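> Dropping in coords.cif, with mmCIF, C-alpha atoms.
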data_model
#
loop_
_atom_site.label_atom_id
_atom_site.label_comp_id
_atom_site.auth_asym_id
_atom_site.auth_seq_id
_atom_site.Cartn_x
_atom_site.Cartn_y
_atom_site.Cartn_z
CA ASP B 1 -68.89 -16.75 51.33
CA THR B 2 -69.40 -20.16 49.80
CA GLY B 3 -66.45 -21.92 51.38
CA VAL B 4 -63.01 -22.84 50.11
CA SER B 5 -62.75 -22.61 46.36
CA GLN B 6 -60.15 -24.34 44.19
CA ASP B 7 -59.43 -23.84 40.53
CA PRO B 8 -59.25 -25.71 38.25
CA ARG B 9 -61.16 -28.79 39.36
CA HIS B 10 -59.33 -30.97 36.86
CA LYS B 11 -56.04 -30.58 35.03
CA ILE B 12 -54.45 -32.89 32.51
CA THR B 13 -50.91 -32.03 31.53
CA LYS B 14 -48.02 -33.59 29.70
CA ARG B 15 -44.97 -34.67 31.62
CA GLY B 16 -42.45 -31.87 31.89
CA GLN B 17 -45.00 -29.06 31.78
CA ASN B 18 -45.58 -26.59 34.61
CA VAL B 19 -48.96 -26.28 36.30
CA THR B 20 -50.40 -23.81 38.77
CA PHE B 21 -53.40 -24.27 41.04
CA ARG B 22 -55.30 -21.62 42.92
CA CYS B 23 -57.06 -21.73 46.26
CA ASP B 24 -59.40 -19.10 47.67
CA PRO B 25 -59.93 -19.74 51.40
CA ILE B 26 -62.81 -18.58 53.56
CA SER B 27 -62.21 -14.86 53.83
CA GLU B 28 -61.62 -14.45 57.56
CA HIS B 29 -59.44 -17.55 57.90
CA ASN B 30 -55.81 -16.90 58.74
CA ARG B 31 -54.41 -20.35 58.06
CA LEU B 32 -54.26 -22.06 54.70
CA TYR B 33 -53.03 -25.60 54.05
CA TRP B 34 -52.16 -27.65 51.02
CA TYR B 35 -52.51 -31.43 51.05
CA ARG B 36 -52.04 -34.10 48.41
CA GLN B 37 -54.20 -37.21 48.22
CA THR B 38 -53.83 -40.30 46.07
CA LEU B 39 -56.46 -42.98 45.57
CA GLY B 40 -57.10 -45.05 48.67
CA GLN B 41 -54.89 -42.89 50.86
CA GLY B 42 -55.57 -40.12 53.31
CA PRO B 43 -54.48 -36.55 52.57
CA GLU B 44 -50.76 -35.88 53.06
CA PHE B 45 -49.66 -32.51 54.40
CA LEU B 46 -47.59 -30.43 51.99
CA THR B 47 -47.35 -26.91 53.41
CA TYR B 48 -49.23 -24.25 55.31
CA PHE B 49 -49.45 -20.50 55.76
CA GLN B 50 -50.27 -18.25 58.66
CA ASN B 51 -51.55 -15.19 56.85
CA GLU B 52 -48.89 -14.58 54.18
CA ALA B 53 -46.06 -16.41 55.96
CA GLN B 54 -45.25 -19.96 54.88
CA LEU B 55 -44.60 -21.68 58.19
CA GLU B 56 -43.70 -25.20 57.17
CA LYS B 57 -43.03 -27.34 54.16
CA SER B 58 -43.18 -31.11 54.17
CA ARG B 59 -40.27 -33.20 52.98
CA LEU B 60 -42.75 -34.42 50.36
CA LEU B 61 -42.54 -31.00 48.76
CA SER B 62 -39.62 -31.26 46.37
CA ASP B 63 -37.86 -28.27 44.85
CA ARG B 64 -40.23 -28.50 41.91
CA PHE B 65 -43.12 -27.44 44.15
CA SER B 66 -43.64 -23.89 45.31
CA ALA B 67 -46.53 -22.26 47.11
CA GLU B 68 -47.34 -18.64 47.74
CA ARG B 69 -49.93 -16.63 49.57
CA PRO B 70 -48.87 -13.11 48.61
CA LYS B 71 -51.45 -11.02 50.43
CA GLY B 72 -52.59 -13.48 53.01
CA SER B 73 -55.70 -14.24 51.02
CA PHE B 74 -55.64 -16.63 48.04
CA SER B 75 -52.80 -19.08 47.51
CA THR B 76 -51.18 -20.71 44.51
CA LEU B 77 -49.37 -24.02 44.26
CA GLU B 78 -47.04 -24.43 41.31
CA ILE B 79 -45.47 -27.67 40.15
CA GLN B 80 -42.62 -27.34 37.69
CA ARG B 81 -41.49 -30.05 35.28
CA THR B 82 -44.36 -32.33 36.24
CA GLU B 83 -43.79 -36.06 36.57
CA GLN B 84 -46.28 -38.90 36.40
CA GLY B 85 -45.85 -39.42 40.13
CA ASP B 86 -47.32 -35.97 40.69
CA SER B 87 -50.73 -37.24 39.59
CA ALA B 88 -53.01 -36.84 42.59
CA MET B 89 -55.77 -34.74 44.09
CA TYR B 90 -54.41 -31.49 45.51
CA LEU B 91 -56.53 -30.25 48.38
CA CYS B 92 -56.58 -26.83 49.97
CA ALA B 93 -58.02 -26.14 53.42
CA SER B 94 -58.38 -23.10 55.63
CA SER B 95 -59.03 -22.48 59.30
CA LEU B 96 -59.21 -19.72 61.85
CA THR B 97 -56.51 -20.49 64.37
CA SER B 98 -55.60 -18.36 67.36
CA LEU B 99 -52.07 -17.21 68.13
CA GLU B 100 -52.01 -19.71 70.98
CA GLY B 101 -52.58 -22.47 68.47
CA GLU B 102 -56.11 -23.20 69.55
CA ASN B 103 -57.40 -25.05 66.55
CA THR B 104 -60.74 -24.76 64.95
CA GLU B 105 -62.11 -26.96 62.25
CA ALA B 106 -60.46 -26.96 58.86
CA PHE B 107 -62.63 -26.44 55.81
CA PHE B 108 -61.50 -28.20 52.67
CA GLY B 109 -62.05 -27.26 49.07
CA GLN B 110 -63.17 -29.75 46.44
CA GLY B 111 -59.62 -30.25 45.26
CA THR B 112 -57.82 -30.09 41.95
CA ARG B 113 -57.30 -33.46 40.31
CA LEU B 114 -54.02 -33.49 38.39
CA THR B 115 -53.28 -36.12 35.78
CA VAL B 116 -49.81 -36.14 34.25
CA VAL B 117 -49.61 -38.11 31.01
CA SER G 1 -43.20 -40.11 62.90
CA GLN G 2 -46.85 -40.55 63.73
CA LYS G 3 -48.55 -43.61 62.30
CA ILE G 4 -52.33 -43.92 62.13
CA GLU G 5 -54.29 -47.08 61.52
CA GLN G 6 -57.97 -47.10 60.77
CA ASN G 7 -59.85 -50.36 61.01
CA SER G 8 -60.41 -52.36 57.86
CA GLU G 9 -60.60 -50.53 54.61
CA ALA G 10 -64.32 -51.27 54.32
CA LEU G 11 -67.17 -51.68 56.76
CA ASN G 12 -70.60 -52.89 55.69
CA ILE G 13 -73.60 -52.63 57.99
CA GLN G 14 -77.36 -52.78 57.84
CA GLU G 15 -79.45 -49.64 58.01
CA GLY G 16 -80.47 -48.77 61.56
CA LYS G 17 -77.43 -50.41 63.16
CA THR G 18 -74.58 -48.58 64.84
CA ALA G 19 -71.38 -48.23 62.86
CA THR G 20 -68.17 -48.17 64.89
CA LEU G 21 -64.95 -47.03 63.28
CA THR G 22 -61.56 -47.28 64.94
CA CYS G 23 -58.53 -45.02 64.78
CA ASN G 24 -55.30 -46.17 66.43
CA TYR G 25 -52.13 -44.14 66.56
CA THR G 26 -48.55 -44.64 67.64
CA ASN G 27 -45.95 -42.23 68.92
CA TYR G 28 -47.03 -38.92 70.44
CA SER G 29 -50.48 -38.17 71.76
CA PRO G 30 -52.16 -35.52 69.67
CA ALA G 31 -53.63 -32.36 71.13
CA TYR G 32 -56.66 -32.81 68.91
CA LEU G 33 -58.21 -35.66 67.04
CA GLN G 34 -60.64 -34.98 64.26
CA TRP G 35 -63.01 -37.04 62.16
CA TYR G 36 -63.89 -36.12 58.60
CA ARG G 37 -66.27 -37.52 56.03
CA GLN G 38 -65.19 -37.75 52.41
CA ASP G 39 -67.39 -38.59 49.45
CA PRO G 40 -65.89 -39.78 46.13
CA GLY G 41 -64.26 -36.96 44.17
CA ARG G 42 -64.84 -34.39 46.91
CA GLY G 43 -62.81 -32.81 49.67
CA PRO G 44 -63.10 -33.99 53.29
CA VAL G 45 -65.85 -32.46 55.41
CA PHE G 46 -65.20 -31.84 59.10
CA LEU G 47 -67.46 -33.73 61.51
CA LEU G 48 -66.09 -33.64 65.05
CA LEU G 49 -63.03 -32.53 66.99
CA ILE G 50 -62.06 -33.94 70.38
CA ARG G 51 -59.27 -32.62 72.57
CA GLU G 52 -56.74 -34.67 74.53
CA ASN G 53 -58.42 -33.80 77.83
CA GLU G 54 -61.87 -34.88 76.60
CA LYS G 55 -63.08 -38.44 76.72
CA GLU G 56 -66.23 -38.19 74.66
CA LYS G 57 -68.02 -35.82 72.36
CA ARG G 58 -71.40 -36.07 70.68
CA LYS G 59 -73.13 -34.39 67.79
CA GLU G 60 -76.57 -35.60 66.77
CA ARG G 61 -76.13 -39.27 65.75
CA LEU G 62 -72.33 -39.08 65.99
CA LYS G 63 -70.19 -39.92 69.00
CA VAL G 64 -66.43 -39.83 69.33
CA THR G 65 -64.36 -41.21 72.18
CA PHE G 66 -60.70 -40.58 72.84
CA ASP G 67 -58.53 -42.85 74.99
CA THR G 68 -54.99 -41.50 75.25
CA THR G 69 -53.89 -44.54 77.26
CA LEU G 70 -54.93 -46.95 74.53
CA LYS G 71 -53.97 -44.39 71.86
CA GLN G 72 -57.31 -44.95 70.23
CA SER G 73 -60.39 -43.09 69.11
CA LEU G 74 -63.73 -44.67 68.32
CA PHE G 75 -66.25 -43.04 66.02
CA HIS G 76 -69.87 -44.17 66.27
CA ILE G 77 -72.79 -43.47 63.96
CA THR G 78 -76.04 -44.56 65.55
CA ALA G 79 -79.22 -45.37 63.63
CA SER G 80 -77.16 -45.49 60.44
CA GLN G 81 -78.71 -44.56 57.11
CA PRO G 82 -77.67 -45.29 53.51
CA ALA G 83 -76.81 -41.57 53.23
CA ASP G 84 -74.06 -42.16 55.80
CA SER G 85 -72.19 -44.26 53.24
CA ALA G 86 -68.84 -42.56 52.67
CA THR G 87 -65.17 -42.75 53.63
CA TYR G 88 -64.40 -41.55 57.14
CA LEU G 89 -60.99 -40.13 57.91
CA CYS G 90 -59.31 -39.78 61.26
CA ALA G 91 -56.82 -36.91 61.62
CA LEU G 92 -54.39 -36.05 64.41
CA ASP G 93 -53.17 -32.58 65.22
CA ARG G 94 -50.33 -31.73 67.58
CA GLY G 95 -51.85 -28.34 68.37
CA ARG G 96 -50.09 -25.13 69.43
CA ALA G 97 -47.54 -24.10 66.79
CA ASN G 98 -48.53 -27.08 64.69
CA ALA G 99 -52.25 -26.49 64.94
CA GLY G 100 -54.05 -27.39 61.78
CA LYS G 101 -51.19 -29.41 60.34
CA SER G 102 -52.98 -32.72 60.50
CA THR G 103 -51.78 -36.26 59.96
CA PHE G 104 -54.53 -38.30 58.35
CA GLY G 105 -55.29 -41.99 58.37
CA ASP G 106 -56.17 -43.71 55.11
CA GLY G 107 -59.84 -43.88 56.00
CA THR G 108 -62.53 -46.50 56.40
CA THR G 109 -65.17 -46.81 53.71
CA LEU G 110 -68.58 -47.33 55.27
CA THR G 111 -71.46 -48.80 53.31
CA VAL G 112 -74.89 -48.79 54.92
CA LYS G 113 -77.27 -51.17 53.20
CA PRO G 114 -81.01 -50.55 53.22
#
Could you express the structure from this file as structure tokens?

Amino acid sequence: DTGVSQDPRHKITKRGQNVTFRCDPISEHNRLYWYRQTLGQGPEFLTYFQNEAQLEKSRLLSDRFSAERPKGSFSTLEIQRTEQGDSAMYLCASSLTSLEGENTEAFFGQGTRLTVV
Amino acid sequence: SQKIEQNSEALNIQEGKTATLTCNYTNYSPAYLQWYRQDPGRGPVFLLLIRENEKEKRKERLKVTFDTTLKQSLFHITASQPADSATYLCALDRGRANAGKSTFGDGTTLTVKP
């Protein structure tokens, strides 16, 4: 296993188009997170999954955003009707977290850089 | 909501010196505090995690302290090298049901000059 993989690495799209990103976590990790990062800022939490269940969505995640993790393995993040303000780096991370919530380190992917023109 | 402040956007030091980065937070005390390194155009890389009941943790040239009274963590890199130049992010985690859902600071960019 080579770590968390994200695809594509870069995406340029026209305003109003839909885009979908994919994240493949480390295989034995049960938790998967999506973050968004803009230049000069730290990552902002968007949503996360425990296996296939989406446990929480940030208020940052408007109705145009949807995330899935259908079989508890890979995840997709879709943005519909993209806006210029959606331009950012979208980061995926995974971790192995116990039922008691004992955290272990999160491993991040390289991110997908989205540019909306 | 939790607010995190990391000291000055940029920190420049001479090779061989100790770099000290600060992370201050308001509101609740986190169950975990983590430090990450991020290089331009790449995802963050985990460095160290310290729990609320721990005061200090070390890993090779790295040392993290955690003072829940001051609501502050200090991150030290001793014998710094130009290869340590990067942005360092502090992240807070409430643990338990919220484990892994981290709140990040905006980072401090460290430049180590030869």
> Excluding Thr26 (chain G) and residues on its chain fewer than 3 positions from it, collect all residues at most 8 Å away from it, counting all atoms listed in the file, and give them as number ranges by chain.
G: 2-4, 29, 71
> Extract, using only C-alpha atoms, all DNA, RNA and protein residues at most 9 Å from Tyr48 (chain B), discarding same-chain residues fewer than 6 positions from it, and format them as a VMD selection string.
(chain B and resid 31 to 35 54 to 57 67) or (chain G and resid 100 to 101)
> If the PyMOL selection byres ((chain B) within 9 of (chain G)) were run on this exact file, what residues would it hold? Put them as an MDAnalysis selection string.
chainID B and resid 31:33 40:45 47:48 89 91:92 94:95 97:111 113
> One decimal, in Å: what's the spacing between CA of Ser5 (chain B) and CA of Phe65 (chain B)?
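Between CA of Ser5 (chain B) and CA of Phe65 (chain B) the gap is 20.3 Å.
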> Quote the spacing between CA of Asp7 (chain B) and CA of Glu52 (chain B) in Å to one decimal place.
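These two atoms are separated by 19.6 Å.
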> Restricting the calculation to all atoms listed in the file, which member of B:Thr82, B:Thr13, B:Ser58, B:Gln6 is positioned closest to Pro25 (chain B)?
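With all atoms listed in the file as the atom set, the closest residue is B:Gln6.
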> With a distance cut-off of 10 Å and only C-alpha atoms, select the neighbouring residues of Gly16 (chain G), excluding the residue or stretch itself and same-chain residues fewer than 2 positions from it, and output the selection as a PyMOL selection string.
chain G and resi 13-14+18-19+77-82+112-114
> At what distance in Å, to one decimal, does CA of Val117 (chain B) lie from CA of Arg15 (chain B)?
5.8 Å
> Which polymer residues have any atom within 10 Å of an atom of Glu83 (chain B), counting all atoms listed in the file, with same-chain residues fewer than 4 positions away left out, as a list in words?
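Answer for this query is Thr13, Lys14, Arg15, Gly16, Gln17, Asn18, Arg64, Ile79, Ser87, Thr115, Val116 and Val117 of chain B.
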> Please identify all polymer residues within 9 Å of Thr68 (chain G), counting only C-alpha atoms, omitting same-chain residues fewer than 3 positions from it, and present them as a list in words.
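The residues satisfying every condition are Ser29, Pro30, Glu52, Asn53, Lys55, Lys71, Gln72 and Ser73 of chain G.
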> Go ahead and write the selection's residues with C-alpha atoms as a PDB file, keeping the file's coordinate frame.

ATOM      1  CA  SER G  29     -50.480 -38.170  71.760  1.00  0.00           C
ATOM      2  CA  PRO G  30     -52.160 -35.520  69.670  1.00  0.00           C
ATOM      3  CA  GLU G  52     -56.740 -34.670  74.530  1.00  0.00           C
ATOM      4  CA  ASN G  53     -58.420 -33.800  77.830  1.00  0.00           C
ATOM      5  CA  LYS G  55     -63.080 -38.440  76.720  1.00  0.00           C
ATOM      6  CA  LYS G  71     -53.970 -44.390  71.860  1.00  0.00           C
ATOM      7  CA  GLN G  72     -57.310 -44.950  70.230  1.00  0.00           C
ATOM      8  CA  SER G  73     -60.390 -43.090  69.110  1.00  0.00           C
TER       9      SER G  73
END
> Calculated over all atoms listed in the file, which of the candidates B:Asn51, B:Arg69, B:Pro8, B:Arg81 has the smallest distance to Phe21 (chain B)?
B:Pro8
> Using the chain letters and numbering of this document, enumerate as a CSV table (one decimal) with C-alpha atoms, in the coordinates of the input the residues selected by the PyMOL selection byres ((chain G and resi 64) around 9).

chain,number,residue,atom,x,y,z
G,35,TRP,CA,-63.0,-37.0,62.2
G,48,LEU,CA,-66.1,-33.6,65.0
G,49,LEU,CA,-63.0,-32.5,67.0
G,50,ILE,CA,-62.1,-33.9,70.4
G,55,LYS,CA,-63.1,-38.4,76.7
G,56,GLU,CA,-66.2,-38.2,74.7
G,57,LYS,CA,-68.0,-35.8,72.4
G,58,ARG,CA,-71.4,-36.1,70.7
G,59,LYS,CA,-73.1,-34.4,67.8
G,62,LEU,CA,-72.3,-39.1,66.0
G,63,LYS,CA,-70.2,-39.9,69.0
G,65,THR,CA,-64.4,-41.2,72.2
G,66,PHE,CA,-60.7,-40.6,72.8
G,73,SER,CA,-60.4,-43.1,69.1
G,74,LEU,CA,-63.7,-44.7,68.3
G,75,PHE,CA,-66.2,-43.0,66.0
G,76,HIS,CA,-69.9,-44.2,66.3
> Compare B:Ala93, B:Leu114, B:Ala53, B:Ala88 by their minimum atom-to-atom distance to Thr38 (chain B), counting all atoms listed in the file, and give me the closest one.
B:Ala88
> Would you save region 71-103 of chain B to a file, keeping N, CA, C and O atoms, as a compact mmCIF listing (two decimals), in the first residue's frame?

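Ended up saving to decode23.txt:
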# COMPACT_ATOMS: atom_id res chain seq x y z
N LYS B 71 -18.70 1.45 -0.28
CA LYS B 71 -18.38 0.14 0.28
C LYS B 71 -17.38 0.25 1.42
O LYS B 71 -16.73 -0.72 1.78
N GLY B 72 -17.28 1.44 1.96
CA GLY B 72 -16.35 1.63 3.06
C GLY B 72 -14.90 1.60 2.63
O GLY B 72 -14.01 1.48 3.47
N SER B 73 -14.69 1.73 1.33
CA SER B 73 -13.29 1.75 0.86
C SER B 73 -13.00 3.12 0.25
O SER B 73 -12.79 4.08 0.98
N PHE B 74 -13.05 3.24 -1.08
CA PHE B 74 -12.77 4.54 -1.69
C PHE B 74 -13.94 5.50 -1.46
O PHE B 74 -15.05 5.09 -1.11
N SER B 75 -13.66 6.78 -1.67
CA SER B 75 -14.70 7.80 -1.50
C SER B 75 -14.68 8.74 -2.70
O SER B 75 -13.64 8.91 -3.36
N THR B 76 -15.82 9.32 -2.99
CA THR B 76 -15.90 10.36 -4.01
C THR B 76 -16.49 11.63 -3.42
O THR B 76 -17.33 11.56 -2.51
N LEU B 77 -16.02 12.75 -3.91
CA LEU B 77 -16.56 14.05 -3.54
C LEU B 77 -17.00 14.73 -4.83
O LEU B 77 -16.20 14.91 -5.74
N GLU B 78 -18.27 15.05 -4.91
CA GLU B 78 -18.81 15.69 -6.10
C GLU B 78 -19.22 17.11 -5.77
O GLU B 78 -19.83 17.37 -4.73
N ILE B 79 -18.88 18.02 -6.67
CA ILE B 79 -19.33 19.41 -6.56
C ILE B 79 -20.17 19.69 -7.79
O ILE B 79 -19.70 19.56 -8.92
N GLN B 80 -21.40 20.08 -7.57
CA GLN B 80 -22.28 20.41 -8.69
C GLN B 80 -22.30 21.92 -8.90
O GLN B 80 -22.13 22.70 -7.96
N ARG B 81 -22.50 22.30 -10.14
CA ARG B 81 -22.63 23.73 -10.50
C ARG B 81 -21.50 24.53 -9.85
O ARG B 81 -21.74 25.45 -9.06
N THR B 82 -20.29 24.19 -10.20
CA THR B 82 -19.13 24.81 -9.56
C THR B 82 -19.14 26.32 -9.67
O THR B 82 -19.62 26.90 -10.67
N GLU B 83 -18.59 26.96 -8.65
CA GLU B 83 -18.45 28.41 -8.59
C GLU B 83 -16.97 28.73 -8.41
O GLU B 83 -16.19 27.89 -7.96
N GLN B 84 -16.60 29.97 -8.74
CA GLN B 84 -15.19 30.34 -8.62
C GLN B 84 -14.69 30.20 -7.18
O GLN B 84 -13.53 29.87 -6.94
N GLY B 85 -15.56 30.41 -6.23
CA GLY B 85 -15.20 30.27 -4.83
C GLY B 85 -14.89 28.84 -4.40
O GLY B 85 -14.38 28.61 -3.32
N ASP B 86 -15.20 27.89 -5.28
CA ASP B 86 -14.88 26.50 -4.97
C ASP B 86 -13.42 26.17 -5.27
O ASP B 86 -12.93 25.10 -4.91
N SER B 87 -12.73 27.08 -5.94
CA SER B 87 -11.32 26.85 -6.26
C SER B 87 -10.52 26.68 -4.99
O SER B 87 -10.53 27.56 -4.11
N ALA B 88 -9.84 25.57 -4.87
CA ALA B 88 -9.11 25.23 -3.65
C ALA B 88 -8.41 23.90 -3.87
O ALA B 88 -8.58 23.24 -4.90
N MET B 89 -7.65 23.49 -2.85
CA MET B 89 -7.08 22.15 -2.82
C MET B 89 -8.01 21.30 -1.97
O MET B 89 -8.35 21.68 -0.84
N TYR B 90 -8.44 20.17 -2.50
CA TYR B 90 -9.32 19.26 -1.76
C TYR B 90 -8.47 18.08 -1.29
O TYR B 90 -7.90 17.34 -2.10
N LEU B 91 -8.39 17.94 0.00
CA LEU B 91 -7.53 16.93 0.61
C LEU B 91 -8.36 15.81 1.22
O LEU B 91 -9.41 16.05 1.82
N CYS B 92 -7.87 14.61 1.05
CA CYS B 92 -8.48 13.44 1.65
C CYS B 92 -7.49 12.87 2.66
O CYS B 92 -6.27 12.92 2.44
N ALA B 93 -7.98 12.36 3.76
CA ALA B 93 -7.13 11.73 4.76
C ALA B 93 -7.82 10.48 5.28
O ALA B 93 -9.05 10.37 5.23
N SER B 94 -7.03 9.55 5.80
CA SER B 94 -7.63 8.37 6.42
C SER B 94 -6.89 8.04 7.71
O SER B 94 -5.74 8.44 7.91
N SER B 95 -7.59 7.34 8.58
CA SER B 95 -6.98 6.92 9.85
C SER B 95 -7.65 5.65 10.34
O SER B 95 -8.74 5.29 9.88
N LEU B 96 -6.98 5.00 11.26
CA LEU B 96 -7.54 3.82 11.91
C LEU B 96 -7.91 4.25 13.32
O LEU B 96 -7.04 4.53 14.14
N THR B 97 -9.19 4.37 13.55
CA THR B 97 -9.68 4.92 14.82
C THR B 97 -10.56 3.88 15.50
O THR B 97 -11.44 3.31 14.89
N SER B 98 -10.29 3.66 16.79
CA SER B 98 -11.03 2.65 17.53
C SER B 98 -12.46 3.12 17.81
O SER B 98 -12.78 4.30 17.66
N LEU B 99 -13.31 2.18 18.20
CA LEU B 99 -14.69 2.51 18.52
C LEU B 99 -14.78 3.48 19.70
O LEU B 99 -15.73 4.25 19.81
N GLU B 100 -13.77 3.45 20.56
CA GLU B 100 -13.77 4.35 21.71
C GLU B 100 -13.30 5.74 21.31
O GLU B 100 -13.25 6.65 22.14
N GLY B 101 -12.94 5.91 20.07
CA GLY B 101 -12.50 7.22 19.60
C GLY B 101 -11.04 7.48 19.85
O GLY B 101 -10.59 8.62 19.79
N GLU B 102 -10.29 6.45 20.17
CA GLU B 102 -8.86 6.62 20.36
C GLU B 102 -8.25 6.89 18.99
O GLU B 102 -8.30 6.07 18.10
N ASN B 103 -7.70 8.09 18.86
CA ASN B 103 -7.24 8.50 17.55
C ASN B 103 -5.86 8.00 17.23
O ASN B 103 -5.03 7.86 18.11
